[in-house]
$ cat start32.txt   # compact mmCIF, C-alpha atoms
# COMPACT_ATOMS: atom_id res chain seq x y z
CA MET V 1 -97.93 58.96 51.98
CA SER V 2 -98.09 55.18 52.18
CA ASP V 3 -94.31 55.05 52.42
CA ASP V 4 -94.64 56.19 56.03
CA VAL V 5 -96.39 52.98 57.03
CA ARG V 6 -94.16 50.38 58.56
CA LEU V 7 -95.59 47.01 57.58
CA SER V 8 -94.71 44.97 60.63
CA HIS V 9 -96.14 41.54 61.32
CA GLN V 10 -98.81 43.08 63.56
CA THR V 11 -99.71 45.70 60.97
CA LEU V 12 -100.20 43.03 58.34
CA LYS V 13 -102.35 41.03 60.74
CA ALA V 14 -104.46 44.12 61.39
CA LEU V 15 -104.79 44.85 57.67
CA ARG V 16 -105.85 41.28 57.01
CA PHE V 17 -108.45 41.61 59.75
CA PHE V 18 -109.78 44.85 58.28
CA MET V 19 -109.88 43.31 54.80
CA GLU V 20 -112.25 40.58 56.01
CA THR V 21 -115.00 43.20 56.27
CA PRO V 22 -113.57 46.39 54.77
CA ARG V 23 -116.70 48.48 55.17
CA GLU V 24 -117.31 47.63 58.78
CA GLY V 25 -115.97 49.82 61.58
CA ARG V 26 -113.97 48.07 64.29
CA SER V 27 -113.16 49.28 67.77
CA GLY V 28 -109.73 48.98 69.34
CA ALA V 29 -110.92 46.23 71.68
CA GLU V 30 -112.29 44.19 68.76
CA ILE V 31 -109.10 44.56 66.78
CA SER V 32 -106.97 43.60 69.75
CA LYS V 33 -109.11 40.56 70.45
CA ALA V 34 -108.95 39.43 66.82
CA ILE V 35 -105.25 39.90 66.17
CA LYS V 36 -104.02 39.40 69.72
CA VAL V 37 -102.02 42.57 70.03
CA GLY V 38 -101.65 44.57 73.24
CA SER V 39 -102.79 48.13 73.55
CA GLY V 40 -99.22 49.43 73.73
CA THR V 41 -98.65 48.23 70.16
CA LEU V 42 -102.16 48.61 68.84
CA TYR V 43 -102.87 52.31 69.32
CA PRO V 44 -99.62 53.69 67.87
CA MET V 45 -100.10 51.35 64.91
CA LEU V 46 -103.67 52.57 64.34
CA ALA V 47 -102.50 56.17 64.71
CA ARG V 48 -99.78 55.60 62.08
CA LEU V 49 -102.25 53.98 59.67
CA GLU V 50 -104.70 56.80 60.24
CA ALA V 51 -102.02 59.43 59.70
CA ALA V 52 -101.02 57.72 56.47
CA GLY V 53 -104.61 57.81 55.24
CA TRP V 54 -105.10 54.04 55.24
CA LEU V 55 -107.64 54.13 58.05
CA THR V 56 -110.36 56.50 59.01
CA SER V 57 -112.12 56.58 62.35
CA GLU V 58 -115.43 57.83 63.62
CA TRP V 59 -117.34 57.90 66.88
CA GLU V 60 -120.09 55.47 67.70
CA VAL V 61 -123.43 57.20 67.28
CA ILE V 62 -124.80 57.10 70.81
CA ASP V 63 -125.44 59.58 73.54
CA PRO V 64 -122.92 58.68 76.27
CA SER V 65 -125.09 60.09 79.04
CA GLU V 66 -128.05 57.98 77.93
CA ALA V 67 -126.00 54.87 77.27
CA GLY V 68 -124.10 55.28 80.52
CA ARG V 69 -120.76 54.54 78.89
CA PRO V 70 -118.23 56.37 76.72
CA ARG V 71 -118.51 56.23 72.94
CA ARG V 72 -116.43 53.71 71.05
CA ARG V 73 -114.19 54.83 68.23
CA PHE V 74 -114.56 52.72 65.09
CA TYR V 75 -111.76 52.30 62.57
CA ARG V 76 -112.42 51.49 58.94
CA LEU V 77 -110.21 51.09 55.87
CA THR V 78 -110.27 53.93 53.37
CA ALA V 79 -110.20 53.29 49.62
CA VAL V 80 -106.48 54.03 49.63
CA GLY V 81 -106.06 51.73 52.60
CA GLN V 82 -107.94 48.92 50.86
CA ASN V 83 -105.74 49.14 47.78
CA SER V 84 -102.56 49.40 49.79
CA ALA V 85 -103.57 46.56 52.09
CA ARG V 86 -104.46 44.36 49.13
CA MET V 87 -101.07 45.03 47.56
CA ALA V 88 -99.19 44.52 50.83
CA LEU V 89 -100.95 41.24 51.52
CA ALA V 90 -100.44 40.06 47.93
CA ASP V 91 -96.73 40.88 48.22
CA LEU V 92 -96.59 38.92 51.42
CA GLN V 93 -98.29 35.91 49.86
CA MET V 94 -95.98 36.08 46.87
CA ALA V 95 -92.95 36.27 49.15
CA ALA V 96 -94.23 33.34 51.17
CA GLY V 97 -94.77 31.36 47.95
CA GLU V 98 -91.25 32.07 46.75
CA LEU V 99 -89.88 31.08 50.12
CA ALA V 100 -91.78 27.83 50.00
CA TRP V 101 -90.54 27.16 46.46
CA ILE V 102 -86.89 27.87 47.37
CA SER V 103 -86.97 25.62 50.39
CA MET D 1 -78.93 23.86 119.80
CA ASP D 2 -82.10 21.97 118.97
CA LEU D 3 -84.06 24.59 120.84
CA VAL D 4 -82.55 27.38 118.68
CA VAL D 5 -83.34 25.53 115.45
CA ALA D 6 -86.88 24.90 116.65
CA ALA D 7 -87.29 28.59 117.54
CA ILE D 8 -86.03 29.68 114.10
CA ALA D 9 -88.35 27.20 112.39
CA LEU D 10 -91.29 28.44 114.43
CA ALA D 11 -90.43 32.06 113.63
CA LEU D 12 -90.18 31.28 109.91
CA PHE D 13 -93.48 29.43 110.08
CA ILE D 14 -95.20 32.41 111.73
CA VAL D 15 -93.60 34.88 109.29
CA SER D 16 -94.70 32.79 106.31
CA ILE D 17 -98.28 32.63 107.60
CA VAL D 18 -98.40 36.36 108.28
CA GLY D 19 -96.74 37.06 104.91
CA SER D 20 -99.20 34.92 103.00
CA ILE D 21 -102.16 36.56 104.74
CA ALA D 22 -100.77 40.03 104.06
CA GLY D 23 -99.94 39.11 100.44
CA ASN D 24 -103.43 37.77 99.95
CA ARG D 25 -104.93 40.95 101.39
CA ILE D 26 -102.77 43.16 99.18
CA ALA D 27 -103.54 41.10 96.07
CA SER D 28 -107.28 41.14 96.75
CA GLY D 29 -107.11 44.87 97.48
CA LEU D 30 -105.36 45.48 94.18
CA TYR D 31 -107.87 43.26 92.42
CA ASP D 32 -110.76 45.19 93.94
CA CYS D 33 -109.37 48.57 92.94
CA ALA D 34 -108.26 47.40 89.47
CA PRO D 35 -111.07 49.25 87.61
CA PHE D 36 -110.22 52.50 89.42
CA LEU D 37 -106.54 51.97 88.78
CA ALA D 38 -107.21 51.36 85.09
CA ARG D 39 -109.30 54.52 84.83
CA TRP D 40 -106.64 56.51 86.65
CA LEU D 41 -103.90 55.19 84.34
CA ILE D 42 -105.94 56.08 81.25
CA ASP D 43 -106.50 59.59 82.56
CA LYS D 44 -102.77 59.90 83.20
CA ALA D 45 -102.02 58.52 79.73
CA SER D 46 -104.31 61.01 78.02
CA VAL D 47 -102.55 63.90 79.75
CA ARG D 48 -99.37 62.89 77.90
CA LEU D 49 -101.06 63.52 74.57
CA SER D 50 -101.32 66.81 72.77
CA ALA D 51 -104.36 68.90 73.64
CA ARG D 52 -105.85 68.15 70.23
CA ASP D 53 -105.84 64.37 70.78
CA ARG D 54 -106.41 64.27 74.51
CA GLN D 55 -110.18 64.16 74.72
CA ARG D 56 -110.50 61.81 71.79
CA TYR D 57 -108.13 59.14 73.10
CA ARG D 58 -109.36 59.50 76.65
CA GLU D 59 -112.90 58.63 75.63
CA GLN D 60 -111.78 55.98 73.17
CA TRP D 61 -109.53 54.25 75.70
CA HIS D 62 -112.20 54.30 78.42
CA ALA D 63 -114.68 52.75 75.99
CA ASP D 64 -112.16 50.12 74.87
CA ASN D 65 -111.25 49.42 78.48
CA ASN D 66 -114.87 48.45 79.18
CA ASP D 67 -114.78 45.95 76.30
CA TRP D 68 -111.22 44.74 76.82
CA PRO D 69 -110.91 40.98 77.34
CA GLY D 70 -109.02 39.33 80.21
CA GLY D 71 -111.07 40.48 83.17
CA ARG D 72 -109.78 43.03 85.64
CA LEU D 73 -106.13 42.22 85.08
CA GLY D 74 -106.67 42.52 81.33
CA LYS D 75 -108.07 46.00 81.84
CA ILE D 76 -105.03 46.98 83.89
CA TRP D 77 -102.76 45.70 81.12
CA HIS D 78 -104.78 47.65 78.59
CA ALA D 79 -104.43 50.83 80.65
CA ILE D 80 -100.68 50.30 81.07
CA GLY D 81 -100.41 49.82 77.31
CA CYS D 82 -102.33 53.06 76.76
CA TYR D 83 -99.92 54.85 79.07
CA PHE D 84 -96.90 53.70 77.09
CA SER D 85 -98.51 54.21 73.68
CA ALA D 86 -99.41 57.82 74.54
CA ARG D 87 -95.85 59.00 74.06
CA GLN D 88 -95.60 57.40 70.62
CA ILE D 89 -98.94 58.85 69.56
CA ALA D 90 -97.90 62.28 70.83
CA ARG D 91 -94.65 62.06 68.86
CA LEU D 92 -96.53 61.07 65.73
CA SER D 93 -99.03 63.85 66.24
CA ASN D 94 -96.27 66.42 66.67
CA SER D 95 -94.33 65.29 63.64
CA LYS D 96 -97.34 65.44 61.37
CA SER D 97 -98.71 68.70 62.75
CA ASP D 98 -95.99 70.89 61.38
CA ARG D 99 -92.66 69.50 60.32
CA LYS D 100 -91.20 72.76 59.09
CA MET D 101 -91.35 74.54 62.40
CA ARG D 102 -88.78 73.99 65.05
CA PHE D 103 -90.12 72.50 68.22
CA VAL D 104 -88.56 74.34 71.13
CA SER D 105 -90.06 73.33 74.40
CA ASP D 106 -92.76 71.19 75.89
CA THR D 107 -92.39 72.23 79.46
CA PHE D 108 -94.90 74.24 81.39
CA GLU D 109 -95.52 77.50 79.65
CA MET D 110 -98.55 79.61 79.04
CA ILE D 111 -99.74 82.28 76.76
CA ILE D 112 -102.75 84.05 78.06
CA ILE D 113 -105.33 85.84 76.04
CA VAL D 114 -107.74 87.78 78.16
CA ARG D 115 -111.17 88.68 76.89
CA GLY D 116 -113.19 91.00 79.03
CA GLU D 117 -112.63 93.85 81.39
CA GLY D 118 -111.53 94.23 84.95
CA LEU D 119 -109.37 91.16 85.29
CA ARG D 120 -105.83 91.72 86.50
CA ALA D 121 -105.01 88.34 87.98
CA TRP D 122 -106.15 84.76 87.88
CA LYS D 123 -106.20 82.50 90.93
CA ASN D 124 -104.16 85.08 92.85
CA PHE D 125 -101.39 85.09 90.25
CA PRO D 126 -100.80 88.37 88.48
CA PHE D 127 -100.58 88.08 84.71
CA LYS D 128 -96.97 89.18 84.80
CA PHE D 129 -96.18 85.93 86.54
CA PHE D 130 -97.73 83.91 83.71
CA VAL D 131 -95.87 85.79 81.06
CA GLU D 132 -92.61 85.24 82.88
CA THR D 133 -93.45 81.57 83.28
CA LEU D 134 -94.05 81.30 79.59
CA PHE D 135 -90.56 82.33 78.64
CA ARG D 136 -88.70 80.83 81.55
CA THR D 137 -87.50 77.74 79.74
CA ILE D 138 -86.20 79.52 76.69
CA ARG D 139 -82.70 80.86 76.89
CA ARG D 140 -82.75 84.58 77.29
CA ARG D 141 -80.35 85.29 74.44
CA GLU D 142 -82.60 83.30 72.09
CA LEU D 143 -85.68 85.23 73.00
CA PRO D 144 -85.36 88.19 70.62
CA ARG D 145 -84.83 85.90 67.64
CA LEU D 146 -87.99 83.91 68.14
CA THR D 147 -91.52 84.63 67.14
CA ILE D 148 -94.28 82.35 68.25
CA LYS D 149 -95.99 80.92 65.21
CA LYS D 150 -98.16 78.27 66.67
CA ALA D 151 -99.35 77.13 70.05
CA GLN D 152 -101.75 74.42 71.01
CA LEU D 153 -104.86 75.08 72.98
CA ARG D 154 -104.65 73.77 76.49
CA GLU D 155 -107.69 75.01 78.29
CA THR D 156 -110.17 77.79 78.52
CA ASP D 157 -111.36 79.13 81.80
CA SER D 158 -113.66 81.90 82.83
CA GLU D 159 -113.79 84.08 85.86
CA PRO D 160 -117.39 84.15 87.10
CA ASN D 161 -117.08 87.37 89.08
CA SER D 162 -115.72 89.55 86.32
CA GLY D 163 -117.11 87.75 83.29
CA ALA D 164 -113.67 87.84 81.70
CA ARG D 165 -112.48 84.85 79.76
CA LEU D 166 -108.97 83.44 79.75
CA THR D 167 -107.62 81.23 77.06
CA PHE D 168 -104.42 79.35 77.70
CA TYR D 169 -102.27 78.34 74.83
CA SER D 170 -99.63 76.14 76.18
CA GLU D 171 -97.74 72.91 76.28
CA LYS D 172 -96.30 72.83 72.78
CA LEU D 173 -94.87 75.97 71.33
CA TYR D 174 -93.50 76.28 67.87
CA PHE D 175 -91.24 79.06 66.78
CA ASP D 176 -89.80 80.31 63.60
CA ASP D 177 -86.07 80.42 63.94
CA ILE D 178 -85.18 83.84 62.60
CA PRO D 179 -81.45 84.18 61.94
CA ALA D 180 -79.96 87.15 63.81
CA THR D 181 -78.19 89.72 61.68
CA PRO D 182 -75.16 91.36 63.32
CA GLY D 183 -75.72 94.93 64.46
CA SER D 184 -79.44 94.84 63.91
CA ARG D 185 -81.84 95.97 66.57
CA SER D 186 -83.47 93.17 68.49
CA PRO D 187 -87.02 92.69 67.38
CA ASP D 188 -89.89 93.00 69.80
CA PRO D 189 -90.44 90.16 72.26
CA PRO D 190 -92.55 87.22 71.10
CA VAL D 191 -96.21 87.97 70.62
CA PRO D 192 -98.84 85.32 71.27
CA CYS D 193 -100.93 84.40 68.30
CA ARG D 194 -103.94 82.22 67.70
CA PRO D 195 -103.30 78.59 66.72
CA THR D 196 -103.37 77.94 63.01
$ encode --input "start32.txt" --output "structure tokens"
Amino acid sequence: MSDDVRLSHQTLKALRFFMETPREGRSGAEISKAIKVGSGTLYPMLARLEAAGWLTSEWEVIDPSEAGRPRRRFYRLTAVGQNSARMALADLQMAAGELAWIS
Amino acid sequence: MDLVVAAIALALFIVSIVGSIAGNRIASGLYDCAPFLARWLIDKASVRLSARDRQRYREQWHADNNDWPGGRLGKIWHAIGCYFSARQIARLSNSKSDRKMRFVSDTFEMIIIVRGEGLRAWKNFPFKFFVETLFRTIRRRELPRLTIKKAQLRETDSEPNSGARLTFYSEKLYFDDIPATPGSRSPDPPVPCRPT
């Protein structure tokens, strides 16, 4: 399942952002603000991660008619996502270390 | 000669002033209607998604648009991004929904299931019209070989006068590709079925 996930630079940035507070749900706007990715890249990436089972999403618990605004959708890392993200980020650090050592 | 040059210069001067005023008006007009434009773009973007994802992303994108940084122009950029990401999300949604089935058509088709009595037409269109519309985009010679296996829910409507209920399954139709055996009788035409 995790093989489907393309670990681009933006995806790794998003995973790192999620790993800062793995249990906390983040909206698309928050993620975009933090990792500086446009919506055209962000939403397909989140959809891919969600389809792969790395992320889960849930609605904000409010009544839209009372709040006077639409509900936010919060994304959170799953247990699988946390493990996979940890491994992906560790691989990246290792690769960066090797690169530094070679040069 | 000097008079001609002076006239051209004056004309250019006037045109530049008028142009700058008009440009300023247009820019401020666009700036004023940016929130409406963003909302409109998000609505358009959500229409490009499959029926299953449409409502979810529409609400999510509107909520994110309210929080999106960069002021009014930022919100427009966000909405444009949503519009372009919709196609990718739709593709992803289709590929994960059922990979084994062959995707045939995403043009305008309908399957109608009528619940209730006394309804022979909807919005002045007889049901025959809808059924013909449904199969219009599929090549006629392919028709007998295909059986509809899955269709996505598009909308449900009800007719207040008769109390009958219409359910439209539309937009994405999946078929089983049944190989034709030579000399065999053509099977019955496709039969609508409930989504799995």
$ closest_atom_pairs --input "start32.txt" --of "chain D" --to "chain V" --cutoff "10 Å" --atoms "all atoms listed in the file" --output "CSV"
residue,atom,partner,partner_atom,distance
D:Arg56,CA,V:Arg73,CA,8.7
D:Tyr57,CA,V:Arg73,CA,8.9
D:Arg58,CA,V:Pro70,CA,9.4
D:Glu59,CA,V:Pro70,CA,5.9
D:Gln60,CA,V:Arg72,CA,5.6
D:Trp61,CA,V:Gly28,CA,8.3
D:His62,CA,V:Pro70,CA,6.6
D:Ala63,CA,V:Pro70,CA,5.1
D:Asp64,CA,V:Ala29,CA,5.2
D:Asn65,CA,V:Ala29,CA,7.5
D:Asn66,CA,V:Arg69,CA,8.5
D:Asp67,CA,V:Ala29,CA,6.0
D:Trp68,CA,V:Ala29,CA,5.4
D:Pro69,CA,V:Lys33,CA,7.1
D:Gly70,CA,V:Lys33,CA,9.8
D:Gly74,CA,V:Gly38,CA,9.7
D:Trp77,CA,V:Ser39,CA,8.0
D:His78,CA,V:Ser39,CA,5.4
D:Ala79,CA,V:Ser39,CA,7.8
D:Ile80,CA,V:Gly40,CA,7.5
D:Gly81,CA,V:Gly40,CA,3.8
D:Cys82,CA,V:Gly40,CA,5.7
D:Tyr83,CA,V:Gly40,CA,7.6
D:Phe84,CA,V:Gly40,CA,5.9
D:Ser85,CA,V:Gly40,CA,4.8
D:Ala86,CA,V:Pro44,CA,7.8
D:Arg87,CA,V:Pro44,CA,9.0
D:Gln88,CA,V:Pro44,CA,6.1
D:Ile89,CA,V:Pro44,CA,5.5
D:Ala90,CA,V:Pro44,CA,9.2
D:Arg91,CA,V:Pro44,CA,9.8
D:Leu92,CA,V:Arg48,CA,7.3
D:Ser93,CA,V:Ala51,CA,8.4
D:Lys96,CA,V:Ala51,CA,7.8
$ atom_distance --input "start32.txt" --atom1 "CA of Ser16 (chain D)" --atom2 "CA of Tyr31 (chain D)"
21.8 Å
$ axis_aligned_box --input "start32.txt" --around "region 47-53 of chain D" --padding-each-side "5 Å" --output "lines of an AutoDock Vina configuration file"
center_x = -102.6
center_y = 65.9
center_z = 75.0
size_x = 16.5
size_y = 16.0
size_z = 19.5
$ atom_distance --input "start32.txt" --atom1 "CA of Gly25 (chain V)" --atom2 "CA of Gly53 (chain V)"
15.3 Å
$ closest_residue --input "start32.txt" --among "V:Thr11, V:Thr56, V:Thr21, V:Ser65" --to "Ile35 (chain V)" --atoms "all atoms listed in the file"
V:Thr11
$ atom_distance --input "start32.txt" --atom1 "CA of Gly19 (chain D)" --atom2 "CA of Arg39 (chain D)"
29.4 Å
$ closest_residue --input "start32.txt" --among "V:Ala34, V:Leu55, V:Leu15, V:Leu7" --to "Tyr75 (chain V)" --atoms "only C-alpha atoms"
V:Leu55
$ residues_around --input "start32.txt" --residues "Asn83 (chain V)" --least-positions-apart "4" --cutoff "12 Å" --atoms "only C-alpha atoms" --output "PyMOL selection string"
chain V and resi 2+15+19+22+53-55+77-79+87-90
